[in-house]
$ cat target-v2.txt   # compact mmCIF, C-alpha atoms
# COMPACT_ATOMS: atom_id res chain seq x y z
CA MET A 122 -20.23 -0.02 -6.21
CA ALA A 123 -21.85 3.18 -4.99
CA ARG A 124 -20.84 4.18 -1.53
CA THR A 125 -22.69 6.40 0.86
CA PRO A 126 -20.82 9.39 2.26
CA THR A 127 -21.64 8.27 5.78
CA THR A 128 -19.62 5.84 7.78
CA THR A 129 -21.58 2.67 7.49
CA ASP A 130 -18.78 0.18 7.10
CA ALA A 131 -15.37 -0.47 8.55
CA PHE A 132 -13.54 0.89 5.49
CA ASN A 133 -15.20 4.27 5.62
CA ALA A 134 -14.89 4.38 9.38
CA VAL A 135 -11.12 4.08 9.29
CA ALA A 136 -10.76 6.49 6.37
CA GLU A 137 -10.78 9.32 8.92
CA ALA A 138 -7.53 10.19 10.70
CA SER A 139 -9.04 10.87 14.13
CA ARG A 140 -10.77 7.51 14.15
CA ARG A 141 -7.54 5.74 13.27
CA GLN A 142 -5.86 7.56 16.15
CA LEU A 143 -8.62 6.31 18.42
CA LEU A 144 -8.18 2.74 17.18
CA ASP A 145 -4.44 2.98 17.68
CA ALA A 146 -4.92 4.32 21.20
CA LEU A 147 -7.40 1.59 22.05
CA GLY A 148 -5.05 -0.99 20.54
CA THR A 149 -3.00 -0.83 23.72
CA GLY A 150 -6.00 -1.62 25.90
CA GLU A 151 -9.34 -0.42 27.16
CA ALA A 152 -9.82 3.27 27.83
CA THR A 153 -12.45 5.72 28.96
CA VAL A 154 -13.48 8.80 26.99
CA GLY A 155 -11.62 10.95 29.52
CA GLU A 156 -8.40 9.01 29.05
CA LEU A 157 -8.70 9.24 25.28
CA VAL A 158 -9.27 13.00 25.50
CA ASP A 159 -6.10 13.36 27.59
CA ARG A 160 -4.03 11.09 25.42
CA LEU A 161 -5.05 12.33 21.98
CA GLY A 162 -5.63 16.02 22.62
CA MET A 163 -9.09 15.92 21.02
CA THR A 164 -12.11 17.48 22.67
CA GLN A 165 -14.58 15.33 24.54
CA PRO A 166 -17.35 15.86 21.91
CA GLN A 167 -14.92 14.87 19.12
CA VAL A 168 -13.88 11.70 20.92
CA SER A 169 -17.50 10.81 21.67
CA LYS A 170 -18.59 11.45 18.09
CA HIS A 171 -15.87 9.30 16.55
CA LEU A 172 -16.34 6.54 19.13
CA GLY A 173 -20.00 6.56 18.16
CA VAL A 174 -19.11 5.97 14.52
CA LEU A 175 -16.67 3.21 15.42
CA ARG A 176 -19.31 1.55 17.61
CA THR A 177 -21.91 1.80 14.83
CA VAL A 178 -19.73 -0.21 12.48
CA GLY A 179 -18.72 -2.58 15.26
CA LEU A 180 -15.03 -1.70 15.36
CA VAL A 181 -15.27 -0.62 18.99
CA SER A 182 -17.28 -2.12 21.81
CA VAL A 183 -18.06 -0.71 25.23
CA ARG A 184 -18.72 -2.05 28.70
CA ALA A 185 -20.02 -0.27 31.75
CA ASP A 186 -18.17 -0.53 35.05
CA GLY A 187 -19.81 1.50 37.76
CA ARG A 188 -19.72 5.10 36.63
CA HIS A 189 -17.16 4.42 33.92
CA ARG A 190 -17.63 3.24 30.37
CA TRP A 191 -14.67 1.36 28.96
CA TYR A 192 -14.08 1.30 25.22
CA ARG A 193 -12.07 -1.36 23.43
CA VAL A 194 -11.20 -2.47 19.90
CA ASN A 195 -13.25 -5.29 18.47
CA GLY A 196 -10.47 -7.11 16.61
CA PRO A 197 -12.57 -9.46 14.43
CA ALA A 198 -14.43 -6.48 12.92
CA LEU A 199 -11.09 -5.25 11.57
CA GLN A 200 -10.62 -8.49 9.63
CA PRO A 201 -11.97 -7.17 6.29
CA ILE A 202 -9.52 -4.27 6.41
CA HIS A 203 -6.73 -6.57 7.43
CA ASP A 204 -7.54 -8.91 4.53
CA TRP A 205 -7.54 -5.97 2.17
CA VAL A 206 -4.12 -4.85 3.35
CA ARG A 207 -2.96 -8.41 2.88
CA THR A 208 -4.15 -8.18 -0.72
CA PHE A 209 -1.84 -5.24 -1.27
CA GLU A 210 1.01 -7.14 0.32
CA ARG A 211 0.28 -10.27 -1.72
CA THR A 212 0.14 -8.30 -4.97
CA TRP A 213 3.50 -6.68 -4.32
CA ASN A 214 5.12 -9.84 -3.07
CA ALA A 215 4.01 -11.77 -6.14
CA ARG A 216 5.20 -8.96 -8.40
CA LEU A 217 8.62 -8.66 -6.75
CA ASP A 218 9.00 -12.44 -6.64
CA ARG A 219 8.57 -12.47 -10.42
CA LEU A 220 11.19 -9.71 -10.65
CA ASP A 221 13.46 -11.82 -8.43
CA ASP A 222 13.16 -14.77 -10.82
CA LEU A 223 13.68 -12.54 -13.84
CA LEU A 224 16.89 -11.11 -12.33
CA ALA A 225 18.20 -14.62 -11.66
CA GLU A 226 17.44 -15.59 -15.24
CA LEU A 227 19.15 -12.49 -16.66
CA GLN A 228 22.22 -13.12 -14.52
CA SER A 229 22.51 -16.75 -15.57
CA GLN A 230 22.24 -15.66 -19.20
CA GLU A 231 25.04 -13.14 -18.70
CA ASN A 232 27.21 -15.78 -17.05
CA GLU A 233 26.76 -18.14 -19.98
CA GLN A 234 27.90 -15.54 -22.47
CA MET B 262 26.73 -18.76 0.32
CA ASN B 263 24.95 -20.42 -2.57
CA ARG B 264 22.04 -18.64 -4.05
CA THR B 265 18.90 -20.71 -4.17
CA LEU B 266 16.30 -19.62 -6.67
CA GLY B 267 13.38 -18.05 -4.92
CA ASN B 268 14.88 -17.96 -1.47
CA ARG B 269 13.78 -14.37 -1.04
CA HIS B 270 10.23 -15.00 -2.20
CA GLY B 271 7.59 -13.38 -0.02
CA SER B 272 10.11 -11.14 1.70
CA ALA B 273 8.79 -7.73 0.68
CA VAL B 274 8.19 -5.52 3.71
CA ILE B 275 5.35 -3.03 3.53
CA THR B 276 5.03 -0.19 6.02
CA VAL B 277 3.02 3.01 6.27
CA PRO B 278 5.31 5.90 7.25
CA SER B 279 2.45 8.42 7.32
CA ASP B 280 -1.18 8.96 6.37
CA THR B 281 -0.17 9.67 2.78
CA GLU B 282 2.72 7.28 2.24
CA ILE B 283 3.32 3.60 1.63
CA LEU B 284 6.83 2.15 1.68
CA ILE B 285 7.76 -1.17 0.08
CA THR B 286 11.21 -2.64 0.77
CA ARG B 287 12.72 -5.72 -0.84
CA GLN B 288 16.20 -7.16 -1.37
CA PHE B 289 17.47 -8.83 -4.53
CA ASP B 290 20.54 -10.97 -5.15
CA ALA B 291 21.48 -8.91 -8.17
CA PRO B 292 23.44 -5.77 -8.98
CA ALA B 293 21.58 -2.46 -8.77
CA GLU B 294 22.27 -1.89 -12.44
CA LEU B 295 20.32 -4.99 -13.39
CA VAL B 296 17.40 -4.20 -11.07
CA PHE B 297 17.26 -0.70 -12.52
CA ARG B 298 17.17 -2.13 -16.01
CA ALA B 299 14.27 -4.41 -15.05
CA PHE B 300 12.33 -1.33 -13.92
CA THR B 301 13.08 0.75 -16.98
CA THR B 302 13.01 -1.60 -19.99
CA PRO B 303 9.54 -2.30 -21.44
CA GLU B 304 10.35 -5.90 -22.45
CA LEU B 305 11.51 -6.63 -18.92
CA VAL B 306 8.77 -4.68 -17.12
CA GLN B 307 6.16 -6.82 -18.84
CA ARG B 308 7.77 -9.93 -17.40
CA TRP B 309 7.09 -9.03 -13.77
CA TYR B 310 4.97 -5.90 -13.27
CA GLY B 311 1.19 -5.98 -13.25
CA PHE B 312 -0.58 -9.03 -11.86
CA GLU B 313 -0.10 -12.75 -12.30
CA THR B 314 -2.91 -12.84 -14.85
CA SER B 315 -2.05 -9.62 -16.70
CA GLU B 316 -2.28 -9.50 -20.45
CA TRP B 317 -0.29 -6.48 -21.60
CA LEU B 318 -2.03 -4.12 -24.01
CA VAL B 319 0.20 -1.06 -23.72
CA CYS B 320 3.68 -0.70 -22.25
CA GLU B 321 5.09 2.64 -23.36
CA MET B 322 8.08 4.20 -21.67
CA ASP B 323 9.61 7.40 -22.97
CA PHE B 324 12.47 7.02 -20.57
CA ARG B 325 13.85 10.51 -20.03
CA VAL B 326 13.09 13.25 -17.52
CA GLY B 327 9.79 14.77 -18.59
CA GLY B 328 8.98 11.69 -20.68
CA GLN B 329 5.65 9.92 -20.29
CA TRP B 330 4.95 6.31 -19.47
CA ARG B 331 1.72 4.35 -19.82
CA PHE B 332 0.78 0.80 -18.89
CA VAL B 333 -2.50 -0.87 -19.77
CA THR B 334 -3.20 -4.47 -18.86
CA ARG B 335 -6.23 -6.69 -19.12
CA ASP B 336 -6.94 -8.67 -15.99
CA GLU B 337 -9.88 -11.03 -15.86
CA GLY B 338 -11.56 -9.08 -18.64
CA MET B 339 -11.03 -5.65 -17.08
CA GLU B 340 -8.68 -3.13 -18.61
CA ILE B 341 -6.54 -1.35 -16.06
CA GLY B 342 -4.53 1.70 -17.09
CA PHE B 343 -1.87 3.76 -15.37
CA HIS B 344 0.27 6.55 -16.71
CA GLY B 345 2.69 9.16 -15.48
CA GLU B 346 5.85 11.12 -16.06
CA TYR B 347 9.51 10.56 -15.25
CA LYS B 348 10.68 13.26 -12.85
CA GLU B 349 14.18 12.20 -11.84
CA ILE B 350 16.44 9.57 -13.35
CA ALA B 351 19.72 8.75 -11.62
CA ALA B 352 20.65 5.29 -12.89
CA PRO B 353 21.06 2.90 -11.23
CA HIS B 354 20.18 4.30 -7.81
CA ARG B 355 17.13 6.50 -7.97
CA LEU B 356 14.02 6.91 -10.09
CA VAL B 357 11.14 9.29 -9.40
CA GLN B 358 7.95 9.18 -11.42
CA THR B 359 4.35 10.20 -11.10
CA GLU B 360 1.55 7.67 -11.41
CA ILE B 361 -2.11 8.21 -12.17
CA PHE B 362 -4.68 5.44 -12.09
CA GLU B 363 -6.88 5.96 -15.12
CA GLY B 364 -9.86 4.52 -13.34
CA VAL B 365 -12.92 2.70 -14.39
CA PRO B 366 -15.53 4.24 -16.70
CA GLY B 367 -18.18 6.22 -14.84
CA ASP B 368 -16.23 6.54 -11.63
CA GLU B 369 -15.89 10.28 -11.03
CA ALA B 370 -13.10 9.78 -8.52
CA TYR B 371 -10.76 9.15 -11.45
CA PRO B 372 -8.53 10.16 -13.01
CA SER B 373 -7.20 11.58 -9.79
CA GLU B 374 -4.18 13.67 -8.96
CA PRO B 375 -0.95 11.74 -9.35
CA ALA B 376 0.87 9.74 -6.76
CA VAL B 377 4.65 10.22 -6.66
CA ASN B 378 6.66 7.02 -6.64
CA THR B 379 10.29 7.18 -5.57
CA MET B 380 12.39 4.08 -6.13
CA THR B 381 15.87 3.76 -4.65
CA LEU B 382 18.43 0.99 -5.08
CA ASP B 383 21.40 0.46 -2.78
CA GLU B 384 23.86 -2.29 -3.56
CA ALA B 385 26.17 -3.87 -0.98
CA ASP B 386 28.04 -7.16 -1.25
CA GLY B 387 26.08 -8.20 -4.31
CA VAL B 388 22.70 -7.59 -2.67
CA THR B 389 20.54 -4.71 -3.83
CA THR B 390 18.01 -3.21 -1.45
CA MET B 391 15.07 -1.61 -3.19
CA THR B 392 12.76 0.88 -1.53
CA LEU B 393 9.64 2.10 -3.27
CA LEU B 394 7.91 5.03 -1.61
CA ILE B 395 4.38 5.76 -2.84
CA GLU B 396 3.17 9.22 -1.87
CA VAL B 397 -0.45 10.18 -2.45
CA PRO B 398 -1.27 13.88 -2.45
CA ASN B 399 -4.03 14.21 0.14
CA GLN B 400 -6.66 12.54 2.21
CA GLU B 401 -9.43 13.02 -0.35
CA ILE B 402 -7.57 11.04 -2.97
CA ARG B 403 -6.44 8.55 -0.42
CA ASP B 404 -10.04 8.01 0.62
CA ALA B 405 -11.12 7.66 -3.00
CA ILE B 406 -8.44 5.06 -3.49
CA LEU B 407 -9.48 3.35 -0.30
CA ALA B 408 -13.13 3.31 -1.27
CA SER B 409 -12.34 1.88 -4.68
CA GLY B 410 -10.56 -1.04 -3.13
CA MET B 411 -7.56 -0.33 -5.30
CA GLU B 412 -4.20 -1.21 -3.95
CA HIS B 413 -2.65 2.14 -3.10
CA GLY B 414 -4.88 3.10 -0.23
CA LEU B 415 -3.11 1.46 2.65
CA GLN B 416 -4.27 3.35 5.68
CA ILE B 417 -3.65 2.01 9.10
CA SER B 418 -0.18 1.30 10.35
CA TYR B 419 0.29 -2.20 9.09
CA ASN B 420 1.95 -3.50 12.21
CA ARG B 421 -0.67 -1.88 14.38
CA LEU B 422 -3.34 -3.64 12.36
CA GLU B 423 -1.60 -6.98 12.76
CA ASP B 424 -1.65 -6.46 16.51
CA LEU B 425 -5.29 -5.49 16.56
CA VAL B 426 -6.48 -8.38 14.44
CA ARG B 427 -4.44 -11.02 16.19
CA PRO B 428 -6.62 -12.69 18.82
CA ALA B 429 -5.78 -11.67 22.35
CA THR B 430 -3.73 -14.28 24.20
$ encode --input "target-v2.txt" --output "structure tokens"
Amino acid sequence: MARTPTTTDAFNAVAEASRRQLLDALGTGEATVGELVDRLGMTQPQVSKHLGVLRTVGLVSVRADGRHRWYRVNGPALQPIHDWVRTFERTWNARLDRLDDLLAELQSQENEQ
Amino acid sequence: MNRTLGNRHGSAVITVPSDTEILITRQFDAPAELVFRAFTTPELVQRWYGFETSEWLVCEMDFRVGGQWRFVTRDEGMEIGFHGEYKEIAAPHRLVQTEIFEGVPGDEAYPSEPAVNTMTLDEADGVTTMTLLIEVPNQEIRDAILASGMEHGLQISYNRLEDLVRPAT
């Protein structure tokens, strides 16, 4: 499947380290741009740019409260990535479970000899 | 304690130590020597490696430092190839090898630079703890792996992701 170089889906959006840092930071709760700048040591334009990307793909949502805008993680939008990670885990678990059974079989063979 | 077949099934633990690393940990009720043999003997590798549906086409292992290995399987009609080189062999406790995904025809992202896989085995009281550290060289390759949907591109801290996806209570 051809993929555009832009950040039009959740996978591409989290393929950038700064955006993962932002998601991690927001994982502990809502935050303003100013708080994120302080916490992550990025500049305000960097934080705003990456938040914009994350909002475009729906990973982050925002609400206005007086003069402040609060950003938060939109958990359900992370589901495809989560599922994909689960695929990796499933693959390795199945593989190592087969190894587990093979080791048991080899040991029982050795015991019989 | 009696050993029950399969009582460790599903117990692999997968973490992401850094942006370029994946760590898989699993315990086995078997001596390290036997686990090591299962990793390094072609007849045994074909019994567990690959995927549930894998049909093995190539399983070559020139098992010596500097020797090459190559696996090709067919899964649901698609041929999947990996190859690499043995870098360190310290039976039965440590094995370091490179791994290159040979890719799919027409995908310019492959073949990419190799990942380095370090496997360690520690045996205590009849239980062997395996760790498998997969190190990818840089973000570009990591992103290519991620974009391809192949399995090595684990990105976000796994536990963090669990927290984020779990509905707020």
$ atom_distance --input "target-v2.txt" --atom1 "atom CA of Val296 of chain B" --atom2 "atom CA of Asp222 of chain A"
11.4 Å
$ atom_distance --input "target-v2.txt" --atom1 "atom CA of Asp386 of chain B" --atom2 "atom CA of Ala293 of chain B"
11.0 Å
$ residues_around --input "target-v2.txt" --residues "Thr314 of chain B" --least-positions-apart "3" --cutoff "10 Å" --atoms "all atoms listed in the file" --output "PyMOL selection string"
chain B and resi 311+317+334-337
$ atom_distance --input "target-v2.txt" --atom1 "atom CA of Ser272 of chain B" --atom2 "atom CA of Ala146 of chain A"
29.1 Å
$ closest_residue --input "target-v2.txt" --among "A:Asn214, A:Asn133, A:Gln165, A:Thr153" --to "Gln288 of chain B" --atoms "all atoms listed in the file"
A:Asn214
$ closest_residue --input "target-v2.txt" --among "B:Gly327, B:Gly271, B:Pro292, B:Pro278" --to "Gln358 of chain B" --atoms "only C-alpha atoms"
B:Gly327
$ residues_around --input "target-v2.txt" --residues "Val181 of chain A" --least-positions-apart "5" --cutoff "12 Å" --atoms "all atoms listed in the file" --output "ChimeraX atom specification"
/A:131,134-135,140-141,143-148,150-152,169,171-176,191-199 /B:425
$ write_last_selection --input "target-v2.txt" --atoms "C-alpha atoms" --output "mmCIF file, keeping the file's coordinate frame"
data_model
loop_
_atom_site.group_PDB
_atom_site.id
_atom_site.type_symbol
_atom_site.label_atom_id
_atom_site.label_comp_id
_atom_site.auth_asym_id
_atom_site.auth_seq_id
_atom_site.Cartn_x
_atom_site.Cartn_y
_atom_site.Cartn_z
ATOM 1 C CA ALA A 131 -15.370 -0.470 8.550
ATOM 2 C CA ALA A 134 -14.890 4.380 9.380
ATOM 3 C CA VAL A 135 -11.120 4.080 9.290
ATOM 4 C CA ARG A 140 -10.770 7.510 14.150
ATOM 5 C CA ARG A 141 -7.540 5.740 13.270
ATOM 6 C CA LEU A 143 -8.620 6.310 18.420
ATOM 7 C CA LEU A 144 -8.180 2.740 17.180
ATOM 8 C CA ASP A 145 -4.440 2.980 17.680
ATOM 9 C CA ALA A 146 -4.920 4.320 21.200
ATOM 10 C CA LEU A 147 -7.400 1.590 22.050
ATOM 11 C CA GLY A 148 -5.050 -0.990 20.540
ATOM 12 C CA GLY A 150 -6.000 -1.620 25.900
ATOM 13 C CA GLU A 151 -9.340 -0.420 27.160
ATOM 14 C CA ALA A 152 -9.820 3.270 27.830
ATOM 15 C CA SER A 169 -17.500 10.810 21.670
ATOM 16 C CA HIS A 171 -15.870 9.300 16.550
ATOM 17 C CA LEU A 172 -16.340 6.540 19.130
ATOM 18 C CA GLY A 173 -20.000 6.560 18.160
ATOM 19 C CA VAL A 174 -19.110 5.970 14.520
ATOM 20 C CA LEU A 175 -16.670 3.210 15.420
ATOM 21 C CA ARG A 176 -19.310 1.550 17.610
ATOM 22 C CA TRP A 191 -14.670 1.360 28.960
ATOM 23 C CA TYR A 192 -14.080 1.300 25.220
ATOM 24 C CA ARG A 193 -12.070 -1.360 23.430
ATOM 25 C CA VAL A 194 -11.200 -2.470 19.900
ATOM 26 C CA ASN A 195 -13.250 -5.290 18.470
ATOM 27 C CA GLY A 196 -10.470 -7.110 16.610
ATOM 28 C CA PRO A 197 -12.570 -9.460 14.430
ATOM 29 C CA ALA A 198 -14.430 -6.480 12.920
ATOM 30 C CA LEU A 199 -11.090 -5.250 11.570
ATOM 31 C CA LEU B 425 -5.290 -5.490 16.560
#
$ residues_around --input "target-v2.txt" --residues "Arg216 of chain A" --least-positions-apart "5" --cutoff "7 Å" --atoms "all atoms listed in the file" --output "ChimeraX atom specification"
/B:309-312
$ residues_around --input "target-v2.txt" --residues "Val306 of chain B" --least-positions-apart "4" --cutoff "12 Å" --atoms "all atoms listed in the file" --output "JSON, numbers by chain"
{"A": [216, 217, 219, 220, 223, 224], "B": [296, 297, 298, 299, 300, 301, 302, 310, 311, 312, 315, 317, 319, 320, 321, 322, 330, 331, 332]}
$ closest_residue --input "target-v2.txt" --among "A:Ser229, A:Gln234, A:Gln200, A:Ser139" --to "chain B" --atoms "all atoms listed in the file"
A:Gln200
